[in-house]
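Printed here is work14.pdb (PDB, C-alpha atoms and all ligand atoms):
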MODEL        1
ATOM      1  CA  MET A   7     -95.819 -42.000-107.104
ATOM      2  CA  LYS A   8     -92.139 -41.839-107.947
ATOM      3  CA  THR A   9     -89.756 -43.972-105.957
ATOM      4  CA  PHE A  10     -86.005 -43.555-105.994
ATOM      5  CA  THR A  11     -85.467 -46.856-104.294
ATOM      6  CA  GLN A  12     -86.348 -50.200-105.833
ATOM      7  CA  PRO A  13     -90.158 -50.490-105.877
ATOM      8  CA  LEU A  14     -91.877 -53.120-103.769
ATOM      9  CA  THR A  15     -93.459 -56.186-105.337
ATOM     10  CA  LYS A  16     -97.184 -56.826-104.931
ATOM     11  CA  GLU A  17     -96.375 -59.430-102.261
ATOM     12  CA  GLN A  18     -94.170 -56.961-100.390
ATOM     13  CA  LEU A  19     -96.821 -54.233-100.498
ATOM     14  CA  ALA A  20     -99.084 -56.616 -98.603
ATOM     15  CA  LEU A  21     -96.450 -56.814 -95.840
ATOM     16  CA  LEU A  22     -96.565 -53.096 -95.009
ATOM     17  CA  PRO A  23     -98.051 -52.114 -91.642
ATOM     18  CA  THR A  24    -101.741 -51.276 -91.683
ATOM     19  CA  ASP A  25    -103.208 -48.165 -90.026
ATOM     20  CA  GLU A  26    -103.944 -50.321 -86.956
ATOM     21  CA  ASP A  27    -100.337 -51.504 -86.889
ATOM     22  CA  VAL A  28     -99.099 -47.904 -86.995
ATOM     23  CA  ALA A  29    -101.509 -46.980 -84.166
ATOM     24  CA  PHE A  30    -100.212 -50.004 -82.186
ATOM     25  CA  TYR A  31     -96.601 -48.882 -82.735
ATOM     26  CA  GLU A  32     -97.408 -45.355 -81.627
ATOM     27  CA  GLU A  33     -99.100 -46.644 -78.482
ATOM     28  CA  HIS A  34     -96.598 -49.347 -77.506
ATOM     29  CA  GLY A  35     -93.318 -48.180 -79.051
ATOM     30  CA  TRP A  36     -92.583 -51.484 -80.828
ATOM     31  CA  PHE A  37     -93.833 -53.544 -83.762
ATOM     32  CA  ILE A  38     -93.137 -57.091 -85.000
ATOM     33  CA  THR A  39     -93.889 -58.019 -88.595
ATOM     34  CA  LYS A  40     -96.628 -60.633 -88.842
ATOM     35  CA  GLU A  41     -94.965 -62.314 -91.815
ATOM     36  CA  LYS A  42     -91.479 -63.178 -92.915
ATOM     37  CA  VAL A  43     -90.140 -60.103 -94.710
ATOM     38  CA  ILE A  44     -86.491 -61.032 -95.368
ATOM     39  CA  PRO A  45     -85.775 -64.178 -97.418
ATOM     40  CA  ASP A  46     -83.508 -66.813 -95.844
ATOM     41  CA  GLU A  47     -80.883 -66.408 -98.607
ATOM     42  CA  ILE A  48     -80.315 -62.757 -97.715
ATOM     43  CA  ILE A  49     -79.956 -63.552 -94.009
ATOM     44  CA  ASP A  50     -77.718 -66.537 -94.715
ATOM     45  CA  GLU A  51     -75.482 -64.287 -96.833
ATOM     46  CA  ALA A  52     -75.437 -61.770 -93.982
ATOM     47  CA  ILE A  53     -74.345 -64.556 -91.604
ATOM     48  CA  LEU A  54     -71.429 -65.349 -93.940
ATOM     49  CA  GLY A  55     -70.689 -61.611 -94.107
ATOM     50  CA  SER A  56     -70.603 -61.368 -90.318
ATOM     51  CA  GLU A  57     -68.282 -64.384 -90.127
ATOM     52  CA  ARG A  58     -65.943 -62.678 -92.602
ATOM     53  CA  PHE A  59     -66.176 -59.505 -90.540
ATOM     54  CA  TYR A  60     -65.332 -61.334 -87.292
ATOM     55  CA  ARG A  61     -62.345 -62.935 -89.066
ATOM     56  CA  GLY A  62     -61.050 -59.426 -89.729
ATOM     57  CA  GLU A  63     -61.957 -59.082 -93.424
ATOM     58  CA  ARG A  64     -63.095 -55.573 -94.438
ATOM     59  CA  ASP A  65     -64.657 -54.438 -97.731
ATOM     60  CA  ALA A  66     -64.039 -50.799 -96.734
ATOM     61  CA  THR A  67     -62.580 -49.072 -93.696
ATOM     62  CA  LEU A  68     -63.708 -46.137 -91.590
ATOM     63  CA  PRO A  69     -61.371 -43.129 -91.456
ATOM     64  CA  TYR A  70     -60.982 -43.382 -87.644
ATOM     65  CA  SER A  71     -60.541 -46.380 -85.382
ATOM     66  CA  ASN A  72     -61.689 -44.696 -82.147
ATOM     67  CA  GLY A  73     -64.959 -43.176 -81.026
ATOM     68  CA  TYR A  74     -67.196 -46.198 -81.590
ATOM     69  CA  SER A  75     -67.544 -49.774 -80.317
ATOM     70  CA  ASP A  76     -65.561 -52.241 -82.345
ATOM     71  CA  TRP A  77     -65.199 -55.683 -80.748
ATOM     72  CA  LYS A  78     -62.060 -57.593 -81.676
ATOM     73  CA  PRO A  79     -60.898 -61.143 -80.939
ATOM     74  CA  GLY A  80     -59.697 -61.308 -77.334
ATOM     75  CA  ASP A  81     -62.315 -58.860 -76.033
ATOM     76  CA  GLY A  82     -64.553 -61.651 -74.678
ATOM     77  CA  ASP A  83     -67.593 -63.238 -76.229
ATOM     78  CA  ALA A  84     -70.466 -62.512 -73.829
ATOM     79  CA  VAL A  85     -71.413 -59.458 -75.930
ATOM     80  CA  ARG A  86     -69.598 -58.589 -79.147
ATOM     81  CA  ASN A  87     -70.635 -55.107 -80.222
ATOM     82  CA  ASN A  88     -69.448 -53.644 -83.536
ATOM     83  CA  GLN A  89     -70.775 -50.371 -84.914
ATOM     84  CA  HIS A  90     -70.996 -49.136 -88.524
ATOM     85  CA  VAL A  91     -70.553 -52.630 -89.888
ATOM     86  CA  SER A  92     -72.630 -52.100 -93.044
ATOM     87  CA  TYR A  93     -70.084 -49.451 -94.099
ATOM     88  CA  ARG A  94     -67.406 -52.113 -93.882
ATOM     89  CA  ASN A  95     -69.130 -55.289 -95.046
ATOM     90  CA  LYS A  96     -71.031 -55.754 -98.295
ATOM     91  CA  GLU A  97     -73.327 -58.601 -97.225
ATOM     92  CA  LEU A  98     -74.624 -56.650 -94.225
ATOM     93  CA  ARG A  99     -75.063 -53.598 -96.415
ATOM     94  CA  LYS A 100     -77.075 -55.687 -98.866
ATOM     95  CA  LEU A 101     -79.348 -56.840 -96.051
ATOM     96  CA  LEU A 102     -80.137 -53.347 -94.793
ATOM     97  CA  LEU A 103     -80.777 -52.081 -98.313
ATOM     98  CA  GLN A 104     -83.684 -54.495 -98.772
ATOM     99  CA  PRO A 105     -86.348 -51.871 -99.578
ATOM    100  CA  ILE A 106     -89.024 -53.574 -97.471
ATOM    101  CA  ILE A 107     -87.159 -52.620 -94.264
ATOM    102  CA  GLY A 108     -87.138 -48.898 -95.053
ATOM    103  CA  ALA A 109     -90.685 -49.043 -96.424
ATOM    104  CA  ILE A 110     -92.022 -50.514 -93.165
ATOM    105  CA  ALA A 111     -90.034 -47.977 -91.145
ATOM    106  CA  ALA A 112     -91.388 -45.119 -93.282
ATOM    107  CA  ARG A 113     -94.965 -46.225 -92.588
ATOM    108  CA  LEU A 114     -94.337 -46.531 -88.853
ATOM    109  CA  ALA A 115     -92.636 -43.131 -88.635
ATOM    110  CA  ARG A 116     -95.163 -41.566 -91.040
ATOM    111  CA  SER A 117     -92.277 -40.334 -93.148
ATOM    112  CA  ARG A 118     -91.789 -40.072 -96.917
ATOM    113  CA  GLY A 119     -88.306 -41.509 -96.685
ATOM    114  CA  ILE A 120     -85.847 -43.333 -94.453
ATOM    115  CA  ARG A 121     -82.073 -43.162 -94.271
ATOM    116  CA  LEU A 122     -79.672 -45.224 -92.252
ATOM    117  CA  PHE A 123     -78.217 -43.388 -89.283
ATOM    118  CA  GLU A 124     -75.966 -46.137 -88.002
ATOM    119  CA  ASP A 125     -75.922 -49.868 -87.304
ATOM    120  CA  THR A 126     -74.616 -52.363 -84.780
ATOM    121  CA  LEU A 127     -73.889 -56.061 -85.069
ATOM    122  CA  VAL A 128     -74.419 -57.834 -81.739
ATOM    123  CA  TYR A 129     -73.235 -61.388 -81.072
ATOM    124  CA  LYS A 130     -73.677 -63.211 -77.780
ATOM    125  CA  ALA A 131     -72.060 -66.524 -76.949
ATOM    126  CA  PRO A 132     -74.047 -68.864 -74.660
ATOM    127  CA  VAL A 133     -73.318 -67.986 -71.018
ATOM    128  CA  LYS A 134     -72.385 -70.661 -68.512
ATOM    129  CA  ASN A 135     -73.179 -68.870 -65.250
ATOM    130  CA  ASP A 136     -76.031 -66.788 -63.958
ATOM    131  CA  GLY A 137     -74.281 -63.407 -63.594
ATOM    132  CA  GLU A 138     -74.524 -60.153 -65.485
ATOM    133  CA  GLU A 139     -72.200 -61.260 -68.245
ATOM    134  CA  GLY A 140     -74.035 -61.024 -71.548
ATOM    135  CA  VAL A 141     -76.506 -58.301 -70.537
ATOM    136  CA  VAL A 142     -77.243 -55.313 -72.775
ATOM    137  CA  GLY A 143     -78.332 -52.575 -70.350
ATOM    138  CA  TRP A 144     -81.647 -50.741 -70.500
ATOM    139  CA  HIS A 145     -81.106 -47.786 -72.847
ATOM    140  CA  THR A 146     -82.777 -45.738 -75.548
ATOM    141  CA  ASP A 147     -81.358 -45.408 -79.044
ATOM    142  CA  ARG A 148     -82.391 -41.737 -79.163
ATOM    143  CA  SER A 149     -79.861 -41.041 -76.411
ATOM    144  CA  TYR A 150     -77.119 -41.977 -78.875
ATOM    145  CA  SER A 151     -78.434 -39.614 -81.544
ATOM    146  CA  SER A 152     -78.796 -36.382 -79.552
ATOM    147  CA  ASN A 153     -77.254 -34.497 -82.471
ATOM    148  CA  SER A 154     -80.352 -35.375 -84.480
ATOM    149  CA  THR A 155     -83.383 -33.100 -84.530
ATOM    150  CA  SER A 156     -85.998 -35.805 -85.110
ATOM    151  CA  ASN A 157     -88.035 -37.517 -82.432
ATOM    152  CA  LYS A 158     -89.387 -39.956 -85.015
ATOM    153  CA  MET A 159     -86.139 -41.907 -85.349
ATOM    154  CA  LEU A 160     -86.632 -45.635 -84.928
ATOM    155  CA  SER A 161     -84.659 -48.851 -84.997
ATOM    156  CA  ALA A 162     -85.022 -52.171 -86.764
ATOM    157  CA  TRP A 163     -83.810 -55.269 -84.915
ATOM    158  CA  ILE A 164     -83.029 -58.243 -87.161
ATOM    159  CA  PRO A 165     -81.965 -61.526 -85.547
ATOM    160  CA  PHE A 166     -80.266 -63.950 -87.938
ATOM    161  CA  HIS A 167     -82.180 -66.968 -86.559
ATOM    162  CA  ASP A 168     -85.457 -67.641 -84.759
ATOM    163  CA  SER A 169     -85.614 -65.295 -81.774
ATOM    164  CA  GLU A 170     -86.435 -67.599 -78.872
ATOM    165  CA  PRO A 171     -87.028 -66.854 -75.177
ATOM    166  CA  LEU A 172     -83.696 -68.244 -73.925
ATOM    167  CA  ARG A 173     -81.643 -67.002 -76.879
ATOM    168  CA  SER A 174     -81.470 -63.410 -75.672
ATOM    169  CA  PRO A 175     -84.371 -61.786 -77.502
ATOM    170  CA  LEU A 176     -84.461 -58.005 -77.487
ATOM    171  CA  VAL A 177     -86.704 -56.871 -74.608
ATOM    172  CA  VAL A 178     -88.664 -53.631 -74.984
ATOM    173  CA  ILE A 179     -90.421 -51.889 -72.093
ATOM    174  CA  ASP A 180     -93.940 -51.478 -73.331
ATOM    175  CA  GLY A 181     -95.087 -47.888 -73.884
ATOM    176  CA  SER A 182     -91.886 -46.406 -72.449
ATOM    177  CA  GLN A 183     -91.380 -44.176 -75.496
ATOM    178  CA  LYS A 184     -94.034 -41.944 -73.945
ATOM    179  CA  TRP A 185     -92.188 -41.506 -70.667
ATOM    180  CA  SER A 186     -90.149 -38.418 -69.956
ATOM    181  CA  GLY A 187     -86.506 -38.529 -68.952
ATOM    182  CA  ASN A 188     -85.222 -41.282 -71.236
ATOM    183  CA  GLU A 189     -83.530 -39.024 -73.809
ATOM    184  CA  HIS A 190     -80.160 -39.520 -72.096
ATOM    185  CA  MET A 191     -80.193 -43.224 -71.275
ATOM    186  CA  ARG A 192     -76.810 -44.030 -72.824
ATOM    187  CA  THR A 193     -76.489 -47.226 -70.830
ATOM    188  CA  PHE A 194     -76.148 -50.012 -73.442
ATOM    189  CA  ASN A 195     -72.935 -51.101 -71.680
ATOM    190  CA  ASN A 196     -74.251 -50.945 -68.105
ATOM    191  CA  ARG A 197     -75.077 -54.533 -67.128
ATOM    192  CA  ASN A 198     -76.734 -53.747 -63.812
ATOM    193  CA  LEU A 199     -80.376 -53.879 -64.913
ATOM    194  CA  LYS A 200     -81.761 -53.526 -61.370
ATOM    195  CA  GLU A 201     -79.721 -50.381 -60.781
ATOM    196  CA  LEU A 202     -80.906 -48.935 -64.110
ATOM    197  CA  GLU A 203     -84.519 -49.822 -63.303
ATOM    198  CA  LYS A 204     -84.364 -47.638 -60.203
ATOM    199  CA  GLN A 205     -84.338 -44.649 -62.563
ATOM    200  CA  PHE A 206     -87.775 -45.477 -63.896
ATOM    201  CA  THR A 207     -89.454 -47.441 -61.079
ATOM    202  CA  SER A 208     -89.065 -44.482 -58.710
ATOM    203  CA  LEU A 209     -91.716 -42.791 -60.826
ATOM    204  CA  GLU A 210     -94.261 -45.553 -60.109
ATOM    205  CA  ARG A 211     -94.546 -46.586 -63.683
ATOM    206  CA  GLU A 212     -95.668 -50.023 -64.647
ATOM    207  CA  ILE A 213     -92.789 -51.925 -66.192
ATOM    208  CA  VAL A 214     -94.045 -54.441 -68.721
ATOM    209  CA  GLU A 215     -91.193 -56.247 -70.451
ATOM    210  CA  VAL A 216     -91.944 -57.443 -73.988
ATOM    211  CA  PRO A 217     -89.483 -60.064 -75.282
ATOM    212  CA  ILE A 218     -89.321 -59.873 -79.072
ATOM    213  CA  ILE A 219     -90.011 -63.499 -80.004
ATOM    214  CA  MET A 220     -90.282 -64.210 -83.714
ATOM    215  CA  LYS A 221     -89.190 -66.510 -86.526
ATOM    216  CA  LYS A 222     -86.134 -65.952 -88.710
ATOM    217  CA  GLY A 223     -86.937 -63.449 -91.458
ATOM    218  CA  HIS A 224     -89.431 -61.517 -89.358
ATOM    219  CA  ILE A 225     -88.108 -58.201 -88.086
ATOM    220  CA  SER A 226     -89.034 -55.868 -85.268
ATOM    221  CA  PHE A 227     -88.973 -52.108 -84.866
ATOM    222  CA  HIS A 228     -88.723 -49.954 -81.770
ATOM    223  CA  HIS A 229     -89.161 -46.243 -81.264
ATOM    224  CA  GLY A 230     -86.003 -44.219 -80.578
ATOM    225  CA  LEU A 231     -87.319 -43.299 -77.133
ATOM    226  CA  ALA A 232     -88.462 -46.828 -76.175
ATOM    227  CA  ILE A 233     -86.376 -48.310 -73.343
ATOM    228  CA  HIS A 234     -84.932 -51.704 -74.252
ATOM    229  CA  GLY A 235     -82.064 -54.094 -73.573
ATOM    230  CA  SER A 236     -81.442 -57.833 -73.461
ATOM    231  CA  TYR A 237     -80.661 -60.591 -70.983
ATOM    232  CA  PRO A 238     -77.737 -63.018 -71.397
ATOM    233  CA  ASN A 239     -77.899 -65.784 -73.963
ATOM    234  CA  TYR A 240     -79.054 -68.773 -71.891
ATOM    235  CA  SER A 241     -79.495 -71.039 -74.936
ATOM    236  CA  ASN A 242     -76.902 -73.474 -76.261
ATOM    237  CA  SER A 243     -76.478 -71.640 -79.574
ATOM    238  CA  PRO A 244     -74.833 -68.319 -80.402
ATOM    239  CA  ARG A 245     -77.130 -65.304 -80.738
ATOM    240  CA  LEU A 246     -76.535 -62.877 -83.594
ATOM    241  CA  ALA A 247     -78.571 -59.801 -84.491
ATOM    242  CA  PHE A 248     -78.208 -56.682 -86.581
ATOM    243  CA  ALA A 249     -79.658 -53.424 -85.260
ATOM    244  CA  LEU A 250     -80.327 -50.559 -87.655
ATOM    245  CA  TYR A 251     -80.800 -47.037 -86.350
ATOM    246  CA  LEU A 252     -82.933 -45.218 -88.850
ATOM    247  CA  GLN A 253     -83.613 -41.530 -89.502
ATOM    248  CA  ASP A 254     -86.717 -40.150 -91.144
ATOM    249  CA  TYR A 255     -86.261 -37.661 -93.974
ATOM    250  CA  ASP A 256     -86.962 -34.651 -91.751
ATOM    251  CA  ASN A 257     -84.001 -35.397 -89.540
ATOM    252  CA  ARG A 258     -81.155 -32.847 -89.491
ATOM    253  CA  TYR A 259     -77.991 -32.238 -87.500
ATOM    254  CA  GLN A 260     -78.255 -30.085 -84.390
ATOM    255  CA  PRO A 261     -75.488 -28.994 -82.034
ATOM    256  CA  PHE A 262     -76.100 -30.540 -78.618
ATOM    257  CA  TRP A 263     -74.846 -29.951 -75.066
ATOM    258  CA  ASN A 264     -75.460 -32.138 -72.021
ATOM    259  CA  ASN A 265     -74.393 -30.960 -68.549
ATOM    260  CA  GLY A 266     -72.265 -28.237 -70.095
ATOM    261  CA  LYS A 267     -70.443 -30.704 -72.335
ATOM    262  CA  GLN A 268     -70.795 -30.609 -76.100
ATOM    263  CA  ILE A 269     -71.890 -33.951 -77.542
ATOM    264  CA  HIS A 270     -70.579 -35.129 -80.912
ATOM    265  CA  HIS A 271     -71.616 -38.189 -82.842
ATOM    266  CA  PHE A 272     -68.771 -40.215 -84.318
ATOM    267  CA  LEU A 273     -70.199 -39.964 -87.834
ATOM    268  CA  ASP A 274     -70.301 -36.128 -87.661
ATOM    269  CA  SER A 275     -66.629 -36.100 -88.589
ATOM    270  CA  VAL A 276     -66.988 -38.826 -91.234
ATOM    271  CA  CYS A 277     -69.841 -37.431 -93.361
ATOM    272  CA  ARG A 278     -69.726 -34.477 -95.758
ATOM    273  CA  LYS A 279     -70.627 -30.979 -94.515
ATOM    274  CA  GLN A 280     -73.623 -28.770 -95.285
ATOM    275  CA  PRO A 281     -72.933 -25.283 -96.726
ATOM    276  CA  ASP A 282     -73.105 -23.915 -93.140
ATOM    277  CA  GLY A 283     -70.273 -26.240 -92.136
ATOM    278  CA  ASN A 284     -72.428 -28.581 -90.040
ATOM    279  CA  PRO A 285     -72.555 -32.354 -90.696
ATOM    280  CA  ASP A 286     -74.884 -33.375 -93.520
ATOM    281  CA  TYR A 287     -77.050 -36.260 -92.292
ATOM    282  CA  SER A 288     -78.199 -36.886 -95.873
ATOM    283  CA  ASP A 289     -74.704 -37.770 -97.162
ATOM    284  CA  PRO A 290     -75.469 -40.947 -99.176
ATOM    285  CA  ALA A 291     -71.967 -42.350 -98.655
ATOM    286  CA  VAL A 292     -72.512 -42.567 -94.890
ATOM    287  CA  PHE A 293     -76.309 -42.438 -94.522
ATOM    288  CA  PRO A 294     -77.709 -44.391 -97.484
ATOM    289  CA  THR A 295     -81.383 -44.080 -98.341
ATOM    290  CA  LEU A 296     -83.320 -47.253 -97.510
ATOM    291  CA  TRP A 297     -86.624 -45.999 -98.801
ATOM    292  CA  SER A 298     -87.824 -42.892-100.580
ATOM    293  CA  GLU A 299     -91.243 -41.912-101.824
ATOM    294  CA  PHE A 300     -92.323 -38.614-103.344
TER
HETATM  295  O1  LIG A 401     -79.277 -56.938 -79.740
HETATM  296  C1  LIG A 401     -79.305 -56.413 -78.628
HETATM  297  O2  LIG A 401     -79.340 -57.047 -77.586
HETATM  298  C2  LIG A 401     -79.339 -54.913 -78.515
HETATM  299  C3  LIG A 401     -79.799 -54.243 -79.737
HETATM  300  C4  LIG A 401     -80.265 -52.852 -79.521
HETATM  301  O3  LIG A 401     -79.984 -52.208 -78.552
HETATM  302  C5  LIG A 401     -81.095 -52.245 -80.546
HETATM  303  O4  LIG A 401     -81.570 -52.946 -81.463
HETATM  304  O5  LIG A 401     -81.323 -51.021 -80.478
HETATM  305 FE    FE A 402     -80.653 -50.149 -78.716
ENDMDL
END

Is it possible to express this structure as structure tokens?
Amino acid sequence: MKTFTQPLTKEQLALLPTDEDVAFYEEHGWFITKEKVIPDEIIDEAILGSERFYRGERDATLPYSNGYSDWKPGDGDAVRNNQHVSYRNKELRKLLLQPIIGAIAARLARSRGIRLFEDTLVYKAPVKNDGEEGVVGWHTDRSYSSNSTSNKMLSAWIPFHDSEPLRSPLVVIDGSQKWSGNEHMRTFNNRNLKELEKQFTSLEREIVEVPIIMKKGHISFHHGLAIHGSYPNYSNSPRLAFALYLQDYDNRYQPFWNNGKQIHHFLDSVCRKQPDGNPDYSDPAVFPTLWSEF
């Protein structure tokens, strides 16, 4: 077996999902590692990196400043959402390049390799009232990657501290990756959860919410078609998590129209082009390989 990414240690090999874990993921649409997979030092460095990022420091800049979410001071603290942060911050890039993350994702997606598609850093300040402020709306990540051909895309969710019930854990709707009709749920920013739920309760489906509770250093994965979101941060401490949207090696660009409107992904105009002129989703400068096995 030849690997182009850093090989795993014997201890890390033992952390990979078993066949039962993969079957569980395929049935439920989510998976939580049973052990700690990221050392504290790497997460603590990523916390410092995110603090630098929030202070405005950049290790690199994107060629455009529009077309993606990019929280800035003054925008309010209930939900800070910044996309493509690993492109712009070296500590967060170091975290996502830990080979164990891609290796677990490759097992779950039954793929020989995993590349980054994009990432999001999400911070939530503690909320003082009981309103909708601080909600991340029910959505699917696949709906934000309609220009991708693969239905095996998946996401890793990495909180930078213990993920506790009141500290806004990610909440995944169990088994929802098997439902039809969630390919276009681009509703991350819609805070009205009850209104969004009407879309899926009308079909008499059982809604089982699974809060992703785990210790620092554990990570979770969810299928691109799994419906998920999060409630406000009711704890007394800030909540900070890094979400990685991952593509399996079979993924390619596809042109996509929805309701007569052509959809473009922001990164389509950032990455290099294939010989046919379409975006190349294997451009290592934009979509680095996290794990590769041949
Ligand atoms: O951290 C959150 O609340 C949202 C993250 C998310 O949507 C994701 O991991 O796909
Ligand atoms: Fe998401």

Between A:Lys100, A:Arg86, A:Lys200, A:Lys158, single out the one closest to ligand LIG 401 (chain A), counting only C-alpha atoms and all ligand atoms.
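Among the listed residues, the smallest separation from ligand LIG 401 (chain A) belongs to A:Arg86.
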
Looking at all atoms listed in the file, which of A:Ala29, A:Leu68, A:Ile225, A:Ile53 is the one that sits closest to Ser275 of chain A?
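Distance minimum relative to Ser275 of chain A lands on A:Leu68.
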
Taking the file as shown, what set of residues would the PyMOL selection byres (((chain A and resi 131) around 6) and not hetatm) give back, as a list in words?
Asp83, Ala84, Lys130, Pro132 and Pro244 of chain A

Next, dump the selected residues to file, keeping only C-alpha atoms, as a PDB file, keeping the file's coordinate frame.
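Final output, selection_3.pdb:
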ATOM      1  CA  ASP A  83     -67.593 -63.238 -76.229  1.00  0.00           C
ATOM      2  CA  ALA A  84     -70.466 -62.512 -73.829  1.00  0.00           C
ATOM      3  CA  LYS A 130     -73.677 -63.211 -77.780  1.00  0.00           C
ATOM      4  CA  PRO A 132     -74.047 -68.864 -74.660  1.00  0.00           C
ATOM      5  CA  PRO A 244     -74.833 -68.319 -80.402  1.00  0.00           C
TER       6      PRO A 244
END

Please list as a PyMOL selection string every residue within 12 Å of Thr155 of chain A, counting all atoms listed in the file and excluding residues in the same chain fewer than 2 positions away.
chain A and resi 148-149+151-153+157-159+253-262+287

Tell me which of A:Asn284, A:Ser161, A:Ser208, A:Ser298 sits closest to Trp36 of chain A, counting only C-alpha atoms.
A:Ser161

Could you tell me which of A:Val141, A:Leu160, A:Ala112, A:Leu231 comes closest to Ala249 of chain A if we count only C-alpha atoms?
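Of A:Val141, A:Leu160, A:Ala112, A:Leu231, the one nearest Ala249 of chain A is A:Leu160, counting only C-alpha atoms.
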